[in-house]
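Following: one structure in structure tokens, then a few remarks.
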Amino acid sequence: MIPFVDLKTQYGSIKDEINEAVLRTLDSGQFVLGSEVAAFEKEFAAFCGTKHAVAVNSGTSALHLALLAAGIGPGDEVITVSFTFVATAAAVLYTGAAPVFVDIDPLSYTMDASGIEQKITKRTKAILPVHIHGQPADMAPILAVAKRHGLIVIEDAAQAHGAEYKGKRAGGIGDMGCFSFYPGKNLGAYGEGGIVVTDNPAHDRTIRMLRDWGQAEKYHHVLRGFNYRMEGIQGAILRVKLRYLEKWTALRKEHAARYGRLLAGTGVGTPAAAPSTEHVYHVYAIRSADRDVLQKHLQENQVQTNIHYPIPVHLQEAYRINGYREGDLPVTELVARETLSLPMYPELSPEQQAFVAEKIISFQKGGK
């Protein structure tokens, strides 16, 4: 079976460094925040080209705290997309605000900036684009709309570690950027983790307090905060893995190019990287009108796949807010019906990719 993702093989390749970092943290006794997390924050901020980075316990927490630092609260609206994991909308709802969905571009699957302005009301306070699958949204028109209307821009870069837009790293383009370090991400912890990056010192200070019970200093609770702190071991692990991220990203790009060559002319759609972006291929999603049957065919032929995401957020039972109905976001809904994510990770071999492509081609030809 060709796995959809292979975290065990990646761990094996850096096992000695990881183990040393974990043991070093255990010896230090700094199990929550501490020097390893502080060092990782500096290193990741430098990687993103920002002045500050605040490590937290998940990507969802990163979004939540970024929104709170931006002053988002009850009665406000945040414009975002429905083609994403539910955490994007959940974080907005945690603040008491409401997500307002715009449709996506049919090629990049990121926010269609042309639909933003018509959704702005007097309650709109922020725009939350999602860099889906590892490709940045088209940020220039998003930032232009935000500037015209005095809105803050928070990037959901949970899948876009190291991605670039017009030479700037994802996360460092808007007012704040939020990342997840869930184990399967391009930069993944061995557990949960997240981070907010920003150039704004006020946002940095607020988020640092909010992640640690709102404390300006020990037992001085200035804000009503949360227990969103990153564990020391995760900071140490992420420091090791960050040193390999550029190499792993280059391999993902090689794999994406190979898939593109192997699947050319087969009738399935392959990802389109916009000229202004550097796509990091957290997900390699193809398009097929027969997606579900194709997925079954690949599973029967020893190829694991995934679907990101079969039901858009606005059609999820728990998130049917503001009267959203099927048909309201036609491009989002079509993409959700047709995309299928193929195996994609740095350790994927050319032989494995050739096997995956062979099974897709056999399906397209009506065979086994």
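Chains: A, B, ... in order of the structure tokens. Residues: from 1 per chain. Ligands: from 1, in order shown.
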Any chance you could tabulate, as JSON lines, the residues of region 171-223 of chain A at most 10 Å from region 338-347 of chain A with each one's nearest atom pair and distance in Å to one decimal, using only C-alpha atoms, in chain and rising number order?
```
{"residue": "A:Gly184", "atom": "CA", "partner": "A:Tyr345", "partner_atom": "CA", "distance": 9.1}
{"residue": "A:Lys185", "atom": "CA", "partner": "A:Tyr345", "partner_atom": "CA", "distance": 9.5}
{"residue": "A:Asn186", "atom": "CA", "partner": "A:Tyr345", "partner_atom": "CA", "distance": 8.1}
```
Store the residues picked out above in a file with N, CA and C atoms, as a JSON list (two decimals), in the first residue's frame.
```json
[["chain", "number", "residue", "atom", "x", "y", "z"],
["A", 184, "GLY", "N", 0.88, 16.09, 10.25],
["A", 184, "GLY", "CA", 0.92, 15.88, 8.81],
["A", 184, "GLY", "C", 1.27, 17.10, 8.00],
["A", 185, "LYS", "N", 1.43, 18.26, 8.64],
["A", 185, "LYS", "CA", 1.74, 19.48, 7.89],
["A", 185, "LYS", "C", 3.18, 19.44, 7.36],
["A", 186, "ASN", "N", 3.48, 20.32, 6.41],
["A", 186, "ASN", "CA", 4.84, 20.38, 5.84],
["A", 186, "ASN", "C", 5.89, 20.56, 6.93]]
```
Notebook entry, point to check: Got a sec: who's within 10 Å of Pro350 (chain A), counting only C-alpha atoms, leaving out chain neighbours fewer than 2 positions off, as a ChimeraX atom specification?
Noted result: /A:254-255,258-259,347-348,352-356
Checklist line | Selection: 7 Å around region 215-231 of chain A, only C-alpha atoms, excl. self and same-chain fewer than 2 positions, as a ChimeraX atom specification | finding: /A:31-33,55-57,61,193,209-213,233-235
Could you list, with a cut-off of 6 Å and counting only C-alpha atoms, the residues of region 174-291 of chain A near region 64-69 of chain A, each shown with its nearest atom pair and the distance in Å rounded to one decimal, rows sorted by chain and ascending number, as CSV?
```
residue,atom,partner,partner_atom,distance
A:His203,CA,A:Ala69,CA,5.6
A:Thr206,CA,A:Ala69,CA,6.0
A:Ile207,CA,A:Leu65,CA,5.9
```
Item checked: Minimum-distance residue to Lys15 (chain A), chosen among A:Val240, A:Val102, A:Val81, A:Ala202 (using only C-alpha atoms) -> A:Val240
Note to self: Can you pull out the residues contacting His131 (chain A)? Cut-off 7 Å, using only C-alpha atoms, and skip same-chain residues under 6 positions away; I want them as a PyMOL selection string.
What the structure shows: chain A and resi 110+137+156-157+159-160
Would you write out those residues with N, CA and C atoms, as a short mmCIF file (atom, residue, chain, number, x, y, z; two decimals), in the first residue's frame?
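This went into again_1.cif:
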```
data_model
loop_
_atom_site.label_atom_id
_atom_site.label_comp_id
_atom_site.auth_asym_id
_atom_site.auth_seq_id
_atom_site.Cartn_x
_atom_site.Cartn_y
_atom_site.Cartn_z
N THR A 110 -8.31 29.30 -3.93
CA THR A 110 -8.19 30.29 -2.86
C THR A 110 -9.24 31.39 -3.05
N ALA A 137 -3.18 32.70 -1.35
CA ALA A 137 -4.26 33.42 -2.03
C ALA A 137 -3.67 34.61 -2.77
N ASP A 156 -4.68 32.67 7.02
CA ASP A 156 -4.71 31.29 7.48
C ASP A 156 -3.69 30.54 6.62
N ALA A 157 -2.48 30.43 7.16
CA ALA A 157 -1.38 29.79 6.45
C ALA A 157 -1.08 28.40 7.01
N GLN A 159 -1.50 25.55 5.98
CA GLN A 159 -0.97 24.57 5.02
C GLN A 159 0.15 25.14 4.16
N ALA A 160 0.68 26.30 4.53
CA ALA A 160 1.53 27.02 3.58
C ALA A 160 2.89 27.41 4.15
#
```
Check: For Ala70 (chain A), which residue out of A:Asn200, A:Asn306, A:Ser180, A:Gln10 is the nearest one, using only C-alpha atoms?
Finding: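 Using only C-alpha atoms, Ala70 (chain A) sits closest to A:Asn200.
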Next item on the list: Using only C-alpha atoms, pick whichever of A:Arg239, A:Lys119, A:His161, A:Arg291 has the shortest atom-to-atom distance to Ile132 (chain A).
Entry: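 So, comparing all the options, the nearest one is A:His161.
Across the structure, CA of Gly75 (chain A) and CA of Tyr94 (chain A) are spaced 12.0 Å apart.
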Next item on the list: Using DSSP on the backbone, list every residue of region 13-142 of chain A that comes out as alpha helix (DSSP H), and give them as a PyMOL selection string.
Entry: chain A and resi 13+15-28+35-48+59-69+87-94+139-142
Item checked: Residues flagged strand (DSSP E or B) by DSSP in region 174-287 of chain A, as an MDAnalysis selection string -> chainID A and resid 176:180 194:198 212 215:217 220:221 227 229 231 269 277:278 284:287
Checklist line | Spatial neighbours of Ile18 (chain A), max dist 9 Å, only C-alpha atoms, sep filter under 2 positions, as a list in words | finding: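 Near Ile18 (chain A), the qualifying residues are Tyr11, Ile14, Lys15, Asp16, Glu20, Ala21, Val22, Leu23, Ala236, Ile237, Val240 and Lys241 of chain A.
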